[in-house]
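Worksheet for the structure shown next.
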Amino acid sequence: MSKTQSLTLIMVLAGFIGMIDSAYIGFNSLGGTLLPCGPASKCHEVLNSSYSHVGNISIAWLGFLFYFAISTSSVFRLWGFQQAFRFTLVASLVAFLVTTYLLYIQAFILQAFCDYCLLSAFLVMLILGLHLFLRPWKEN
Amino acid sequence: MLKATSREKVRSMKRGKNPKRKSRSVGKPLIVLVLAAVVALGTAYYLQHEQATKSDHSEPSTKQLPNTHFLTNPAGWSKGNSIAKTVLVEFGDFQCGACAAASSRVSRITKKHGSRLKVIFKQYPMQKSHGNSMLAAQAAEAAGQQLRFWEMHDLLFERQSDWAEIPDAHTLFFKYAEELRLDPGRFKRDLRDNTVRKKIYRDMMEGQLAQVHSVPTFFLNGKRISNSRDEAEFEQKIVDGIRSDQ
């Protein structure tokens, strides 16, 4: 397996874990059960804050769409569609900016962090890093 | 090798030489993707459902379980007779209209039967629908740190319409603190203090365990009672509870 394929496989896994993570938070926003959270985290406060929704939609579901798009492009890339990552490069940059904003909200406004959001932030950074490393803009 | 094969496929698709190949080459990754999405959604739903079921199994009914001690022997802000056998626990939200109405009813009933009744208020801010409810809960708890919880509780409910929908409720809460002659510096500190927040989260966790889904929710001696708008009916339930405890 080539280096590119290995990194693409990591991207597939990141997308898959991201889908589970965001769907878990998304289902929670529909049901409202308290999530088990690390001792230092305040998931309930973060996930119930006014920043957790855009209109009536939980941000988690938007995250799910993003991770689904990442999984799509990665799987197609593995199947040989060379330019697949071009489509998600922009999405990854946008996701990175949104993640930075949400981290700012957690750190300075809510003063509370949520494990699931931190996992998502890590995945977004990993995905953007992999995109930049793979340089999709140079592929023909 | 893989790249070359795929390019070949794409070329042949473009030429329209073999339409069957086109559907096969796009079909496989699509099937993988749909499966991945279904598995991800299924796993997330299962984990979420499992969590809810665990909570249900650990605290299935407030009528049966001994570990709902926080309803029968609760800690928290109390009024009435602190050693009374009959205990009324309210899970409330300062921004909820029904809670404001219930608060007046409970106050009147406490005045009347306070010698044989202990009333406990537990925080249950519904932040999704009530944007200022958490801050109000913190204000009440911060006032509680200076032993003025019930005064702030009453003030917040009385003036609910003044602060409920404004973007910066802090300012009004500071004025209320001044009105109650609280130490403003300490109030400001306590409003954001972690101890205060932890206390609110503990109340909310207890509410979740007791399966509180709406506010106000009342428990009389650990058993849920409906929040009747008819004061006489509500009072009767409490009187019945007091009688059965004697």
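Chains: A, B, ... in order of the structure tokens. Residues: from 1 per chain. Ligands: from 1, in order shown.
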Inset, instruction - Apply DSSP to the structure's backbone, then extract all residues of chain A labelled alpha helix (DSSP H) and return them as an MDAnalysis selection string. - result: chainID A and resid 3:31 43:47 59:78 84:104 115:134
Inset, instruction - Would you mind listing what lies within 10 Å of stretch 131-142 of chain B as a PyMOL selection string, with only C-alpha atoms counted and same-chain residues fewer than 5 positions away left out? - result: (chain A and resi 45+48-50) or (chain B and resi 77+92-96+122-126+147-157+160+163-170+173-174+176-177+182+186-193+195-197+199-200)
Legend entry - chain A contacts to chain B at 6 Å (only C-alpha atoms) as a list in words: Met19, Ile20, Ala23, Tyr24, Asn48 and Gly80 of chain A
Could you dump the residues just selected with N, CA and C atoms as an mmCIF file, in the first residue's frame?
data_model
loop_
_atom_site.group_PDB
_atom_site.id
_atom_site.type_symbol
_atom_site.label_atom_id
_atom_site.label_comp_id
_atom_site.auth_asym_id
_atom_site.auth_seq_id
_atom_site.Cartn_x
_atom_site.Cartn_y
_atom_site.Cartn_z
ATOM 1 N N MET A 19 -18.468 10.691 11.749
ATOM 2 C CA MET A 19 -19.909 10.458 11.535
ATOM 3 C C MET A 19 -20.563 9.897 12.800
ATOM 4 N N ILE A 20 -19.865 8.950 13.450
ATOM 5 C CA ILE A 20 -20.426 8.365 14.686
ATOM 6 C C ILE A 20 -20.516 9.438 15.774
ATOM 7 N N ALA A 23 -23.219 12.057 14.894
ATOM 8 C CA ALA A 23 -24.574 11.480 14.965
ATOM 9 C C ALA A 23 -24.959 11.225 16.423
ATOM 10 N N TYR A 24 -23.972 10.844 17.239
ATOM 11 C CA TYR A 24 -24.230 10.598 18.666
ATOM 12 C C TYR A 24 -24.731 11.879 19.342
ATOM 13 N N ASN A 48 -26.120 22.216 25.273
ATOM 14 C CA ASN A 48 -27.425 22.865 25.439
ATOM 15 C C ASN A 48 -27.345 24.375 25.279
ATOM 16 N N GLY A 80 -9.723 5.307 -6.948
ATOM 17 C CA GLY A 80 -8.973 5.795 -8.094
ATOM 18 C C GLY A 80 -9.434 7.113 -8.680
#
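Between A:Ile127 and the candidates A:Asn28, A:Val90, A:Leu78, A:Ile109, the tightest atom-to-atom separation, counting only C-alpha atoms, involves A:Val90.
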Legend entry - Selection near B:Lys237, 12 Å with only C-alpha atoms, sequence-local residues under 2 positions removed, as a ChimeraX atom specification: /B:86,88,109,218-221,223-228,230-235,239-244
Inset, instruction - Extract the full set of strand (DSSP E or B) residues from stretch 38-211 of chain B according to DSSP on the backbone, and format it as a ChimeraX atom specification. - result: /B:77-80,86-92,117-123
Inset, instruction - Find the spatial neighbours of A:Arg86, counting only C-alpha atoms, within a cut-off of 10 Å - ignore same-chain residues fewer than 5 positions away - and output them as a PyMOL selection string. - result: chain A and resi 73+91+131+135-139
Include N, CA and C atoms and write out the residues we just selected as a PDB file, in the first residue's frame.
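result31.pdb written:
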ATOM      1  N   SER A  73     -15.387  11.471  -0.391  1.00  0.00           N
ATOM      2  CA  SER A  73     -14.229  11.801  -1.230  1.00  0.00           C
ATOM      3  C   SER A  73     -13.082  10.810  -0.998  1.00  0.00           C
ATOM      4  N   ALA A  91     -14.198  22.435   1.787  1.00  0.00           N
ATOM      5  CA  ALA A  91     -15.058  22.078   2.930  1.00  0.00           C
ATOM      6  C   ALA A  91     -14.217  21.922   4.198  1.00  0.00           C
ATOM      7  N   HIS A 131      -5.387  16.710   3.992  1.00  0.00           N
ATOM      8  CA  HIS A 131      -5.676  17.355   2.699  1.00  0.00           C
ATOM      9  C   HIS A 131      -4.462  18.146   2.221  1.00  0.00           C
ATOM     10  N   ARG A 135      -1.988  17.356  -1.082  1.00  0.00           N
ATOM     11  CA  ARG A 135      -1.976  18.367  -2.151  1.00  0.00           C
ATOM     12  C   ARG A 135      -2.906  18.025  -3.326  1.00  0.00           C
ATOM     13  N   PRO A 136      -4.165  18.015  -3.069  1.00  0.00           N
ATOM     14  CA  PRO A 136      -5.105  17.632  -4.147  1.00  0.00           C
ATOM     15  C   PRO A 136      -5.085  18.589  -5.334  1.00  0.00           C
ATOM     16  N   TRP A 137      -4.644  19.839  -5.098  1.00  0.00           N
ATOM     17  CA  TRP A 137      -4.616  20.808  -6.194  1.00  0.00           C
ATOM     18  C   TRP A 137      -3.544  20.482  -7.242  1.00  0.00           C
ATOM     19  N   LYS A 138      -2.648  19.576  -6.878  1.00  0.00           N
ATOM     20  CA  LYS A 138      -1.586  19.212  -7.837  1.00  0.00           C
ATOM     21  C   LYS A 138      -1.929  17.945  -8.611  1.00  0.00           C
ATOM     22  N   GLU A 139      -3.004  17.302  -8.224  1.00  0.00           N
ATOM     23  CA  GLU A 139      -3.336  16.044  -8.894  1.00  0.00           C
ATOM     24  C   GLU A 139      -4.100  16.305 -10.184  1.00  0.00           C
TER      25      GLU A 139
END
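One finds atom CA of A:Asp21 at 9.1 Å from atom CA of A:Gly63.
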